[in-house]
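A.B. asks: Got start.cif for you, mmCIF, C-alpha atoms (C1' of nucleotides):
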```cif
data_data
loop_
_atom_site.group_PDB
_atom_site.id
_atom_site.type_symbol
_atom_site.label_atom_id
_atom_site.label_comp_id
_atom_site.auth_asym_id
_atom_site.auth_seq_id
_atom_site.Cartn_x
_atom_site.Cartn_y
_atom_site.Cartn_z
ATOM 1 C CA MET J 1 0.000 0.000 0.000
ATOM 2 C CA ARG J 2 1.366 3.381 -0.921
ATOM 3 C CA LEU J 3 0.070 6.928 -0.854
ATOM 4 C CA LEU J 4 0.128 9.179 -3.891
ATOM 5 C CA PRO J 5 1.513 12.718 -3.505
ATOM 6 C CA HIS J 6 -0.935 15.079 -1.838
ATOM 7 C CA PRO J 7 -0.787 18.673 -0.594
ATOM 8 C CA ALA J 8 -0.347 18.991 3.171
ATOM 9 C CA THR J 9 -3.403 20.220 5.022
ATOM 10 C CA GLU J 10 -1.961 23.684 5.621
ATOM 11 C CA ASN J 11 -1.175 24.025 1.925
ATOM 12 C CA ILE J 12 -4.709 23.400 0.720
ATOM 13 C CA GLU J 13 -5.899 26.580 -0.980
ATOM 14 C CA LEU J 14 -9.474 27.762 -0.810
ATOM 15 C CA THR J 15 -9.605 28.916 -4.411
ATOM 16 C CA GLU J 16 -8.257 25.572 -5.599
ATOM 17 C CA VAL J 17 -10.802 23.630 -3.599
ATOM 18 C CA LEU J 18 -13.621 25.788 -4.935
ATOM 19 C CA ARG J 19 -12.260 25.374 -8.439
ATOM 20 C CA ALA J 20 -12.071 21.617 -8.003
ATOM 21 C CA LEU J 21 -15.661 21.485 -6.804
ATOM 22 C CA SER J 22 -16.953 23.716 -9.592
ATOM 23 C CA ASP J 23 -17.058 20.986 -12.219
ATOM 24 C CA PRO J 24 -20.251 18.874 -12.383
ATOM 25 C CA VAL J 25 -18.373 15.625 -12.982
ATOM 26 C CA ARG J 26 -16.038 16.222 -10.061
ATOM 27 C CA LEU J 27 -18.900 17.289 -7.837
ATOM 28 C CA GLU J 28 -20.657 14.023 -8.631
ATOM 29 C CA ILE J 29 -17.535 12.064 -7.736
ATOM 30 C CA VAL J 30 -17.275 13.940 -4.455
ATOM 31 C CA ALA J 31 -20.933 13.267 -3.719
ATOM 32 C CA ARG J 32 -20.431 9.549 -4.295
ATOM 33 C CA LEU J 33 -17.414 9.515 -2.011
ATOM 34 C CA ALA J 34 -19.424 11.327 0.634
ATOM 35 C CA VAL J 35 -22.167 8.730 0.493
ATOM 36 C CA ALA J 36 -20.184 5.540 0.038
ATOM 37 C CA GLY J 37 -16.895 6.425 1.682
ATOM 38 C CA GLU J 38 -13.674 5.062 0.297
ATOM 39 C CA MET J 39 -14.009 3.600 -3.174
ATOM 40 C CA THR J 40 -11.892 2.670 -6.168
ATOM 41 C CA CYS J 41 -11.563 4.933 -9.170
ATOM 42 C CA THR J 42 -13.513 2.509 -11.319
ATOM 43 C CA VAL J 43 -16.465 2.499 -8.957
ATOM 44 C CA ALA J 44 -16.323 6.250 -8.380
ATOM 45 C CA GLY J 45 -16.187 6.856 -12.106
ATOM 46 C CA ASP J 46 -18.879 4.409 -13.172
ATOM 47 C CA ASP J 47 -21.569 5.902 -15.424
ATOM 48 C CA LEU J 48 -20.208 9.402 -15.256
ATOM 49 C CA GLY J 49 -20.678 9.830 -18.982
ATOM 50 C CA VAL J 50 -17.048 10.655 -19.650
ATOM 51 C CA HIS J 51 -14.136 8.645 -20.983
ATOM 52 C CA LYS J 52 -12.026 6.905 -18.366
ATOM 53 C CA SER J 53 -9.045 9.093 -19.192
ATOM 54 C CA THR J 54 -11.198 12.137 -18.558
ATOM 55 C CA ALA J 55 -12.257 10.660 -15.235
ATOM 56 C CA SER J 56 -8.621 10.014 -14.407
ATOM 57 C CA HIS J 57 -7.906 13.658 -15.124
ATOM 58 C CA HIS J 58 -10.614 14.629 -12.643
ATOM 59 C CA TYR J 59 -9.238 12.306 -9.960
ATOM 60 C CA ARG J 60 -5.975 14.107 -10.300
ATOM 61 C CA MET J 61 -7.577 17.552 -10.040
ATOM 62 C CA LEU J 62 -9.365 16.491 -6.875
ATOM 63 C CA ARG J 63 -6.228 15.014 -5.381
ATOM 64 C CA GLU J 64 -3.985 17.975 -6.217
ATOM 65 C CA ALA J 65 -6.531 20.411 -4.835
ATOM 66 C CA GLY J 66 -6.515 18.478 -1.565
ATOM 67 C CA VAL J 67 -10.104 17.300 -1.799
ATOM 68 C CA VAL J 68 -9.464 13.569 -1.945
ATOM 69 C CA LEU J 69 -6.841 11.199 -0.649
ATOM 70 C CA THR J 70 -5.702 8.387 -2.901
ATOM 71 C CA LYS J 71 -3.935 5.266 -1.840
ATOM 72 C CA GLN J 72 -2.848 2.446 -4.036
ATOM 73 C CA VAL J 73 -3.391 -1.157 -3.035
ATOM 74 C CA GLY J 74 -2.225 -3.581 -5.632
ATOM 75 C CA ARG J 75 -3.627 -2.415 -8.925
ATOM 76 C CA LEU J 76 -6.505 -0.596 -7.300
ATOM 77 C CA LYS J 77 -6.554 3.013 -6.196
ATOM 78 C CA TYR J 78 -8.839 3.922 -3.363
ATOM 79 C CA MET J 79 -10.114 7.457 -3.072
ATOM 80 C CA SER J 80 -11.660 9.058 -0.030
ATOM 81 C CA LEU J 81 -12.725 12.567 0.926
ATOM 82 C CA ARG J 82 -10.306 14.517 3.112
ATOM 83 C CA ARG J 83 -13.179 15.567 5.324
ATOM 84 C CA ASP J 84 -11.224 16.253 8.485
ATOM 85 C CA ASP J 85 -8.450 18.104 6.693
ATOM 86 C CA LEU J 86 -10.914 20.235 4.765
ATOM 87 C CA ASP J 87 -12.986 20.889 7.833
ATOM 88 C CA ARG J 88 -9.988 21.990 9.832
ATOM 89 C CA ARG J 89 -8.878 24.323 7.099
ATOM 90 C CA PHE J 90 -12.279 25.606 5.889
ATOM 91 C CA PRO J 91 -14.830 24.823 8.596
ATOM 92 C CA GLY J 92 -18.268 24.021 7.283
ATOM 93 C CA LEU J 93 -17.389 24.411 3.632
ATOM 94 C CA LEU J 94 -17.553 20.806 2.525
ATOM 95 C CA ASP J 95 -20.635 20.164 4.627
ATOM 96 C CA SER J 96 -22.526 23.030 3.044
ATOM 97 C CA VAL J 97 -21.547 21.905 -0.440
ATOM 98 C CA LEU J 98 -22.548 18.306 0.248
ATOM 99 C CA ASN J 99 -25.725 19.503 1.859
ATOM 100 C CA SER J 100 -26.626 21.381 -1.309
ATOM 101 C CA VAL J 101 -25.747 18.471 -3.547
ATOM 102 C CA LEU J 102 -27.216 15.648 -1.512
ATOM 103 C CA GLY J 103 -29.901 17.427 0.420
ATOM 104 C CA VAL J 104 -28.573 16.014 3.657
ATOM 105 C CA GLY J 105 -25.882 16.812 6.174
ATOM 106 C CA ARG J 106 -23.036 14.781 7.527
ATOM 107 C CA PRO J 107 -24.009 11.151 8.138
ATOM 108 C CA MET X 1 -32.501 53.386 -10.740
ATOM 109 C CA ARG X 2 -32.541 50.210 -12.691
ATOM 110 C CA LEU X 3 -31.512 46.624 -12.082
ATOM 111 C CA LEU X 4 -29.189 44.759 -14.388
ATOM 112 C CA PRO X 5 -30.221 41.267 -15.538
ATOM 113 C CA HIS X 6 -29.651 38.615 -12.872
ATOM 114 C CA PRO X 7 -30.470 34.931 -12.533
ATOM 115 C CA ALA X 8 -33.509 34.216 -10.362
ATOM 116 C CA THR X 9 -32.734 32.638 -7.017
ATOM 117 C CA GLU X 10 -33.965 29.203 -8.061
ATOM 118 C CA ASN X 11 -31.771 29.327 -11.155
ATOM 119 C CA ILE X 12 -28.531 29.926 -9.297
ATOM 120 C CA GLU X 13 -26.317 26.905 -9.925
ATOM 121 C CA LEU X 14 -23.938 25.564 -7.315
ATOM 122 C CA THR X 15 -21.149 24.830 -9.773
ATOM 123 C CA GLU X 16 -21.373 28.353 -11.185
ATOM 124 C CA VAL X 17 -21.216 29.921 -7.757
ATOM 125 C CA LEU X 18 -18.204 27.803 -6.820
ATOM 126 C CA ARG X 19 -16.579 28.675 -10.129
ATOM 127 C CA ALA X 20 -17.226 32.368 -9.548
ATOM 128 C CA LEU X 21 -15.676 32.184 -6.086
ATOM 129 C CA SER X 22 -12.641 30.226 -7.246
ATOM 130 C CA ASP X 23 -10.785 33.232 -8.629
ATOM 131 C CA PRO X 24 -8.618 35.202 -6.166
ATOM 132 C CA VAL X 25 -9.618 38.575 -7.587
ATOM 133 C CA ARG X 26 -13.316 37.764 -7.392
ATOM 134 C CA LEU X 27 -12.948 36.326 -3.931
ATOM 135 C CA GLU X 28 -11.346 39.581 -2.822
ATOM 136 C CA ILE X 29 -14.238 41.561 -4.304
ATOM 137 C CA VAL X 30 -16.721 39.325 -2.509
ATOM 138 C CA ALA X 31 -14.817 39.747 0.744
ATOM 139 C CA ARG X 32 -14.948 43.530 0.393
ATOM 140 C CA LEU X 33 -18.663 43.438 -0.278
ATOM 141 C CA ALA X 34 -19.140 41.246 2.768
ATOM 142 C CA VAL X 35 -17.329 43.726 4.971
ATOM 143 C CA ALA X 36 -18.503 47.021 3.555
ATOM 144 C CA GLY X 37 -21.883 46.089 2.131
ATOM 145 C CA GLU X 38 -23.125 47.784 -1.004
ATOM 146 C CA MET X 39 -20.435 49.607 -2.928
ATOM 147 C CA THR X 40 -19.745 50.975 -6.393
ATOM 148 C CA CYS X 41 -17.625 49.088 -8.890
ATOM 149 C CA THR X 42 -14.875 51.664 -8.648
ATOM 150 C CA VAL X 43 -14.612 51.270 -4.895
ATOM 151 C CA ALA X 44 -14.925 47.495 -4.995
ATOM 152 C CA GLY X 45 -12.251 47.305 -7.675
ATOM 153 C CA ASP X 46 -9.782 49.754 -6.130
ATOM 154 C CA ASP X 47 -6.221 48.412 -5.810
ATOM 155 C CA LEU X 48 -7.055 44.955 -7.080
ATOM 156 C CA GLY X 49 -3.990 44.973 -9.287
ATOM 157 C CA VAL X 50 -5.914 44.403 -12.490
ATOM 158 C CA HIS X 51 -7.039 46.678 -15.298
ATOM 159 C CA LYS X 52 -10.486 48.195 -14.887
ATOM 160 C CA SER X 53 -11.770 46.228 -17.873
ATOM 161 C CA THR X 54 -10.587 43.039 -16.217
ATOM 162 C CA ALA X 55 -12.381 44.056 -13.051
ATOM 163 C CA SER X 56 -15.486 44.738 -15.107
ATOM 164 C CA HIS X 57 -15.224 41.220 -16.508
ATOM 165 C CA HIS X 58 -15.177 39.877 -12.945
ATOM 166 C CA TYR X 59 -18.212 41.939 -11.922
ATOM 167 C CA ARG X 60 -20.070 40.335 -14.742
ATOM 168 C CA MET X 61 -18.999 36.805 -13.770
ATOM 169 C CA LEU X 62 -20.157 37.415 -10.210
ATOM 170 C CA ARG X 63 -23.460 38.863 -11.358
ATOM 171 C CA GLU X 64 -24.202 36.126 -13.884
ATOM 172 C CA ALA X 65 -23.369 33.438 -11.352
ATOM 173 C CA GLY X 66 -25.891 34.974 -8.964
ATOM 174 C CA VAL X 67 -23.347 36.020 -6.353
ATOM 175 C CA VAL X 68 -23.870 39.759 -6.525
ATOM 176 C CA LEU X 69 -26.742 42.081 -7.311
ATOM 177 C CA THR X 70 -26.021 45.170 -9.370
ATOM 178 C CA LYS X 71 -28.168 48.241 -9.632
ATOM 179 C CA GLN X 72 -27.441 51.326 -11.581
ATOM 180 C CA VAL X 73 -28.022 54.762 -10.125
ATOM 181 C CA GLY X 74 -27.065 57.511 -12.479
ATOM 182 C CA ARG X 75 -23.641 56.666 -13.794
ATOM 183 C CA LEU X 76 -22.762 54.559 -10.779
ATOM 184 C CA LYS X 77 -23.325 50.858 -10.396
ATOM 185 C CA TYR X 78 -23.795 49.529 -6.919
ATOM 186 C CA MET X 79 -22.961 45.930 -6.160
ATOM 187 C CA SER X 80 -24.047 43.925 -3.154
ATOM 188 C CA LEU X 81 -23.838 40.292 -2.104
ATOM 189 C CA ARG X 82 -26.973 38.203 -2.624
ATOM 190 C CA ARG X 83 -26.589 36.783 0.857
ATOM 191 C CA ASP X 84 -30.201 35.833 1.466
ATOM 192 C CA ASP X 85 -30.661 34.324 -1.972
ATOM 193 C CA LEU X 86 -27.463 32.305 -1.689
ATOM 194 C CA ASP X 87 -28.271 31.244 1.823
ATOM 195 C CA ARG X 88 -31.711 30.034 0.838
ATOM 196 C CA ARG X 89 -30.325 28.093 -2.073
ATOM 197 C CA PHE X 90 -27.066 26.803 -0.520
ATOM 198 C CA PRO X 91 -27.372 27.157 3.247
ATOM 199 C CA GLY X 92 -24.113 27.942 4.977
ATOM 200 C CA LEU X 93 -22.011 28.005 1.842
ATOM 201 C CA LEU X 94 -21.269 31.712 1.618
ATOM 202 C CA ASP X 95 -20.754 31.958 5.363
ATOM 203 C CA SER X 96 -18.171 29.194 5.366
ATOM 204 C CA VAL X 97 -16.336 30.756 2.454
ATOM 205 C CA LEU X 98 -16.346 34.204 4.039
ATOM 206 C CA ASN X 99 -15.309 32.691 7.312
ATOM 207 C CA SER X 100 -12.282 31.142 5.655
ATOM 208 C CA VAL X 101 -11.389 34.326 3.825
ATOM 209 C CA LEU X 102 -12.043 36.844 6.568
ATOM 210 C CA GLY X 103 -11.526 34.732 9.638
ATOM 211 C CA VAL X 104 -14.886 35.791 10.983
ATOM 212 C CA GLY X 105 -18.517 34.823 10.571
ATOM 213 C CA ARG X 106 -21.544 36.822 9.627
ATOM 214 C CA PRO X 107 -21.531 40.299 11.199
ATOM 215 C "C1'" DT W 1 3.986 -16.600 -19.371
ATOM 216 C "C1'" DT W 2 0.090 -15.007 -21.393
ATOM 217 C "C1'" DT W 3 -4.083 -12.453 -20.588
ATOM 218 C "C1'" DA W 4 -7.191 -9.450 -18.248
ATOM 219 C "C1'" DT W 5 -7.937 -5.477 -15.200
ATOM 220 C "C1'" DT W 6 -7.030 -0.858 -13.480
ATOM 221 C "C1'" DG W 7 -5.768 3.338 -14.164
ATOM 222 C "C1'" DT W 8 -2.361 6.973 -16.241
ATOM 223 C "C1'" DT W 9 -0.123 9.435 -19.909
ATOM 224 C "C1'" DT W 10 0.302 11.706 -24.201
ATOM 225 C "C1'" DG W 11 -1.398 14.112 -28.040
ATOM 226 C "C1'" DA W 12 -4.869 16.642 -30.297
ATOM 227 C "C1'" DC W 13 -8.515 19.819 -30.279
ATOM 228 C "C1'" DA W 14 -11.970 23.130 -29.098
ATOM 229 C "C1'" DA W 15 -13.655 26.096 -25.620
ATOM 230 C "C1'" DC W 16 -13.045 29.052 -21.994
ATOM 231 C "C1'" DG W 17 -10.981 32.584 -19.215
ATOM 232 C "C1'" DA W 18 -7.847 36.195 -17.348
ATOM 233 C "C1'" DT W 19 -5.555 39.935 -18.891
ATOM 234 C "C1'" DC W 20 -4.442 44.414 -21.213
ATOM 235 C "C1'" DC W 21 -5.308 48.188 -24.331
ATOM 236 C "C1'" DA W 22 -8.088 51.121 -26.915
ATOM 237 C "C1'" DA W 23 -12.349 52.655 -28.113
ATOM 238 C "C1'" DC W 24 -16.849 53.305 -26.808
ATOM 239 C "C1'" DT W 25 -21.392 54.627 -24.130
ATOM 240 C "C1'" DA W 26 -23.802 56.934 -20.781
ATOM 241 C "C1'" DT W 27 -24.386 60.069 -17.347
ATOM 242 C "C1'" DA W 28 -23.232 64.161 -14.728
ATOM 243 C "C1'" DC W 29 -21.141 68.660 -14.197
ATOM 244 C "C1'" DG W 30 -19.545 73.374 -15.655
ATOM 245 C "C1'" DC Q 1 -22.250 72.282 -25.478
ATOM 246 C "C1'" DG Q 2 -17.877 70.569 -23.912
ATOM 247 C "C1'" DT Q 3 -15.501 67.902 -20.473
ATOM 248 C "C1'" DA Q 4 -14.860 64.707 -16.895
ATOM 249 C "C1'" DT Q 5 -16.360 60.324 -14.606
ATOM 250 C "C1'" DA Q 6 -17.968 55.380 -14.461
ATOM 251 C "C1'" DG Q 7 -18.018 51.464 -16.438
ATOM 252 C "C1'" DT Q 8 -18.524 48.237 -20.699
ATOM 253 C "C1'" DT Q 9 -17.165 46.216 -25.013
ATOM 254 C "C1'" DG Q 10 -14.234 44.387 -28.639
ATOM 255 C "C1'" DG Q 11 -9.956 42.702 -30.088
ATOM 256 C "C1'" DA Q 12 -5.693 40.322 -29.185
ATOM 257 C "C1'" DT Q 13 -2.978 37.201 -26.586
ATOM 258 C "C1'" DC Q 14 -1.795 33.438 -23.870
ATOM 259 C "C1'" DG Q 15 -2.448 29.979 -20.673
ATOM 260 C "C1'" DT Q 16 -5.763 26.570 -18.784
ATOM 261 C "C1'" DT Q 17 -9.110 22.937 -19.080
ATOM 262 C "C1'" DG Q 18 -12.504 19.326 -20.422
ATOM 263 C "C1'" DT Q 19 -12.781 15.910 -23.716
ATOM 264 C "C1'" DC Q 20 -11.615 11.689 -26.487
ATOM 265 C "C1'" DA Q 21 -8.619 8.204 -28.454
ATOM 266 C "C1'" DA Q 22 -4.785 5.454 -28.389
ATOM 267 C "C1'" DA Q 23 -0.948 3.818 -26.286
ATOM 268 C "C1'" DC Q 24 1.130 2.636 -22.146
ATOM 269 C "C1'" DA Q 25 2.341 0.707 -17.241
ATOM 270 C "C1'" DA Q 26 1.539 -2.005 -13.429
ATOM 271 C "C1'" DT Q 27 -0.524 -5.596 -11.150
ATOM 272 C "C1'" DA Q 28 -3.259 -9.762 -10.724
ATOM 273 C "C1'" DA Q 29 -5.111 -14.041 -12.438
ATOM 274 C "C1'" DA Q 30 -5.167 -18.204 -15.358
#
```
Would you kindly transcribe this structure into structure tokens?
C.D. replies:
Amino acid sequence: MRLLPHPATENIELTEVLRALSDPVRLEIVARLAVAGEMTCTVAGDDLGVHKSTASHHYRMLREAGVVLTKQVGRLKYMSLRRDDLDRRFPGLLDSVLNSVLGVGRP
Amino acid sequence: MRLLPHPATENIELTEVLRALSDPVRLEIVARLAVAGEMTCTVAGDDLGVHKSTASHHYRMLREAGVVLTKQVGRLKYMSLRRDDLDRRFPGLLDSVLNSVLGVGRP
DNA sequence: TTTATTGTTTGACAACGATCCAACTATACG
DNA sequence: CGTATAGTTGGATCGTTGTCAAACAATAAA
């Protein structure tokens, strides 16, 4: 198991997070991660309506913005929301976004 | 006094709001409006480090995304945050963003 | 070792966006 | 009317981004 490169919590930038969340495809991915927790790229990207290379591009955007954490296990890559990191840095932001997308709050 | 064209509250899209807030210059404008309330474009755009036409471009982005309301009085245009509209549509979102930018909550 | 699975990379392309400059419009003020 | 003020628009430029397709890399399974 190995971790991919991610920005440290204190280096997560608000504008980059907002930018990352401003794409419908990425917002859908984030919503799925919020509901189902950790999941592989294939599952997260199922039926998104975009090519798998496009989805891969979005995974990278999310990771580099500090929104998701990705760890590799074998040939699978598991993504999960960096909820605690985001909440420490921008309190309430992710919750309000998820609330608007999902119509519910934190589980 | 006349109002410029704006999206109705129910037509404000989350991704467009996030996109509008994801630019540093626009975020600074929004922060100023949050602190000082209604202000003219000239005041809101003072010392932003960009050309006035660039600032004008940003005003438009913010207006079309539903973030600000613009009304013209004589040759002045007054901008203000659509706090209530945004809060009804995406509860807590603007507050959390402003909180992260300004380090304080709603006045 | 061959084959299948998982995901990334590279290249190409079109669209968008941030920026500046110059010209323009509209309103107000002498 | 002539001039200053407030802000927008159009053109040009340059970088970014969302997309697909094809090739690739890495790992697991047969």
A.B. asks: List the neighbours of region 8-17 of chain W out to 12 Å using only C-alpha atoms (C1' of nucleotides); skip same-chain residues closer than 2 positions along the sequence, and give me the result as a PyMOL selection string.
C.D. replies: (chain J and resi 41+52-60+75+77) or (chain X and resi 19-20+23+54+57-58+61) or (chain W and resi 6+19) or (chain Q and resi 13-26)
A.B. asks: Evaluate the PyMOL selection byres ((chain J) within 9 of (chain X)) and record the selected residues as an mmCIF file with C-alpha atoms, in the coordinates of the input, following the chain and residue labels used in the document.
C.D. replies:
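Result saved to expr_9.cif:
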```cif
data_model
loop_
_atom_site.group_PDB
_atom_site.id
_atom_site.type_symbol
_atom_site.label_atom_id
_atom_site.label_comp_id
_atom_site.auth_asym_id
_atom_site.auth_seq_id
_atom_site.Cartn_x
_atom_site.Cartn_y
_atom_site.Cartn_z
ATOM 1 C CA LEU J 14 -9.474 27.762 -0.810
ATOM 2 C CA THR J 15 -9.605 28.916 -4.411
ATOM 3 C CA GLU J 16 -8.257 25.572 -5.599
ATOM 4 C CA VAL J 17 -10.802 23.630 -3.599
ATOM 5 C CA LEU J 18 -13.621 25.788 -4.935
ATOM 6 C CA ARG J 19 -12.260 25.374 -8.439
ATOM 7 C CA ALA J 20 -12.071 21.617 -8.003
ATOM 8 C CA LEU J 21 -15.661 21.485 -6.804
ATOM 9 C CA SER J 22 -16.953 23.716 -9.592
ATOM 10 C CA ASP J 23 -17.058 20.986 -12.219
ATOM 11 C CA PRO J 24 -20.251 18.874 -12.383
ATOM 12 C CA LEU J 27 -18.900 17.289 -7.837
ATOM 13 C CA ARG J 89 -8.878 24.323 7.099
ATOM 14 C CA PHE J 90 -12.279 25.606 5.889
ATOM 15 C CA PRO J 91 -14.830 24.823 8.596
ATOM 16 C CA GLY J 92 -18.268 24.021 7.283
ATOM 17 C CA LEU J 93 -17.389 24.411 3.632
ATOM 18 C CA LEU J 94 -17.553 20.806 2.525
ATOM 19 C CA ASP J 95 -20.635 20.164 4.627
ATOM 20 C CA SER J 96 -22.526 23.030 3.044
ATOM 21 C CA VAL J 97 -21.547 21.905 -0.440
ATOM 22 C CA ASN J 99 -25.725 19.503 1.859
ATOM 23 C CA SER J 100 -26.626 21.381 -1.309
ATOM 24 C CA VAL J 101 -25.747 18.471 -3.547
#
```
A.B. asks: Report as a PyMOL selection string the full result of the PyMOL selection byres ((chain J and resi 3) around 12) when it is applied to this structure.
C.D. replies: chain J and resi 1-2+4-7+63+68-74+76-80
A.B. asks: If chain J is fitted onto chain X by least squares over all C-alpha atoms, taken pair by pair in sequence order, what do its new coordinates look like as a compact mmCIF listing (two decimals) with C-alpha atoms, in the coordinates of the input?
C.D. replies:
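The resulting file, result.txt, is shown below:
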```
# COMPACT_ATOMS: atom_id res chain seq x y z
CA MET J 1 -32.47 53.42 -10.68
CA ARG J 2 -32.53 50.23 -12.67
CA LEU J 3 -31.51 46.64 -12.07
CA LEU J 4 -29.19 44.76 -14.39
CA PRO J 5 -30.22 41.26 -15.54
CA HIS J 6 -29.65 38.62 -12.88
CA PRO J 7 -30.47 34.92 -12.55
CA ALA J 8 -33.51 34.19 -10.39
CA THR J 9 -32.73 32.62 -7.04
CA GLU J 10 -33.96 29.18 -8.08
CA ASN J 11 -31.76 29.30 -11.17
CA ILE J 12 -28.51 29.90 -9.31
CA GLU J 13 -26.29 26.89 -9.93
CA LEU J 14 -23.92 25.54 -7.32
CA THR J 15 -21.13 24.81 -9.76
CA GLU J 16 -21.36 28.32 -11.18
CA VAL J 17 -21.21 29.91 -7.76
CA LEU J 18 -18.20 27.79 -6.82
CA ARG J 19 -16.57 28.67 -10.12
CA ALA J 20 -17.23 32.35 -9.55
CA LEU J 21 -15.68 32.19 -6.10
CA SER J 22 -12.64 30.24 -7.27
CA ASP J 23 -10.79 33.25 -8.65
CA PRO J 24 -8.62 35.22 -6.18
CA VAL J 25 -9.64 38.60 -7.60
CA ARG J 26 -13.33 37.77 -7.43
CA LEU J 27 -12.96 36.33 -3.95
CA GLU J 28 -11.37 39.59 -2.84
CA ILE J 29 -14.25 41.57 -4.31
CA VAL J 30 -16.73 39.34 -2.51
CA ALA J 31 -14.82 39.76 0.74
CA ARG J 32 -14.95 43.54 0.39
CA LEU J 33 -18.67 43.44 -0.29
CA ALA J 34 -19.15 41.25 2.76
CA VAL J 35 -17.33 43.73 4.97
CA ALA J 36 -18.51 47.03 3.56
CA GLY J 37 -21.90 46.11 2.15
CA GLU J 38 -23.14 47.76 -1.00
CA MET J 39 -20.45 49.60 -2.92
CA THR J 40 -19.74 50.95 -6.37
CA CYS J 41 -17.63 49.07 -8.88
CA THR J 42 -14.87 51.64 -8.62
CA VAL J 43 -14.60 51.25 -4.87
CA ALA J 44 -14.92 47.46 -5.00
CA GLY J 45 -12.24 47.29 -7.66
CA ASP J 46 -9.77 49.73 -6.13
CA ASP J 47 -6.21 48.39 -5.83
CA LEU J 48 -7.07 44.95 -7.10
CA GLY J 49 -3.99 44.94 -9.30
CA VAL J 50 -5.92 44.35 -12.50
CA HIS J 51 -7.02 46.63 -15.31
CA LYS J 52 -10.47 48.15 -14.91
CA SER J 53 -11.76 46.20 -17.90
CA THR J 54 -10.60 43.01 -16.23
CA ALA J 55 -12.40 44.05 -13.06
CA SER J 56 -15.51 44.76 -15.10
CA HIS J 57 -15.26 41.25 -16.51
CA HIS J 58 -15.20 39.89 -12.97
CA TYR J 59 -18.22 41.94 -11.92
CA ARG J 60 -20.09 40.34 -14.74
CA MET J 61 -19.00 36.82 -13.77
CA LEU J 62 -20.17 37.43 -10.22
CA ARG J 63 -23.47 38.86 -11.36
CA GLU J 64 -24.22 36.12 -13.89
CA ALA J 65 -23.37 33.43 -11.37
CA GLY J 66 -25.89 34.97 -8.98
CA VAL J 67 -23.35 36.01 -6.37
CA VAL J 68 -23.88 39.76 -6.53
CA LEU J 69 -26.74 42.08 -7.32
CA THR J 70 -26.01 45.18 -9.36
CA LYS J 71 -28.16 48.23 -9.60
CA GLN J 72 -27.44 51.33 -11.56
CA VAL J 73 -28.01 54.76 -10.10
CA GLY J 74 -27.02 57.52 -12.43
CA ARG J 75 -23.60 56.68 -13.73
CA LEU J 76 -22.74 54.56 -10.73
CA LYS J 77 -23.31 50.85 -10.35
CA TYR J 78 -23.79 49.52 -6.87
CA MET J 79 -22.95 45.93 -6.13
CA SER J 80 -24.05 43.92 -3.13
CA LEU J 81 -23.83 40.28 -2.10
CA ARG J 82 -26.97 38.20 -2.62
CA ARG J 83 -26.58 36.78 0.85
CA ASP J 84 -30.19 35.82 1.46
CA ASP J 85 -30.65 34.31 -1.98
CA LEU J 86 -27.45 32.31 -1.70
CA ASP J 87 -28.26 31.22 1.81
CA ARG J 88 -31.70 30.03 0.82
CA ARG J 89 -30.32 28.07 -2.08
CA PHE J 90 -27.06 26.79 -0.53
CA PRO J 91 -27.36 27.15 3.24
CA GLY J 92 -24.11 27.94 4.97
CA LEU J 93 -22.00 28.01 1.84
CA LEU J 94 -21.28 31.71 1.61
CA ASP J 95 -20.77 31.97 5.35
CA SER J 96 -18.17 29.23 5.37
CA VAL J 97 -16.34 30.79 2.44
CA LEU J 98 -16.36 34.23 4.03
CA ASN J 99 -15.33 32.72 7.31
CA SER J 100 -12.29 31.18 5.64
CA VAL J 101 -11.40 34.37 3.82
CA LEU J 102 -12.06 36.87 6.57
CA GLY J 103 -11.56 34.77 9.64
CA VAL J 104 -14.91 35.85 10.99
CA GLY J 105 -18.53 34.89 10.61
CA ARG J 106 -21.57 36.88 9.65
CA PRO J 107 -21.55 40.37 11.17
```
A.B. asks: Using all atoms listed in the file, pick whichever of W:DT2, W:DA22, W:DC29, W:DG7 has the shortest atom-to-atom distance to chain J.
C.D. replies: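 Selected residue with least distance to chain J: W:DG7.
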A.B. asks: On this file, the PyMOL selection byres ((chain W and resi 23) around 9) gives some set of residues; write that set as a ChimeraX atom specification.
C.D. replies: /W:22,24 /Q:9-10
A.B. asks: Would you mind reading off the distance between C1' of DA28 (chain W) and C1' of DA4 (chain Q), one decimal, in Å?
C.D. replies: 8.7 Å
A.B. asks: Would you work out the distance separating CA of Arg88 (chain X) from CA of Arg83 (chain J), expressed in Å to one decimal?
C.D. replies: 23.9 Å
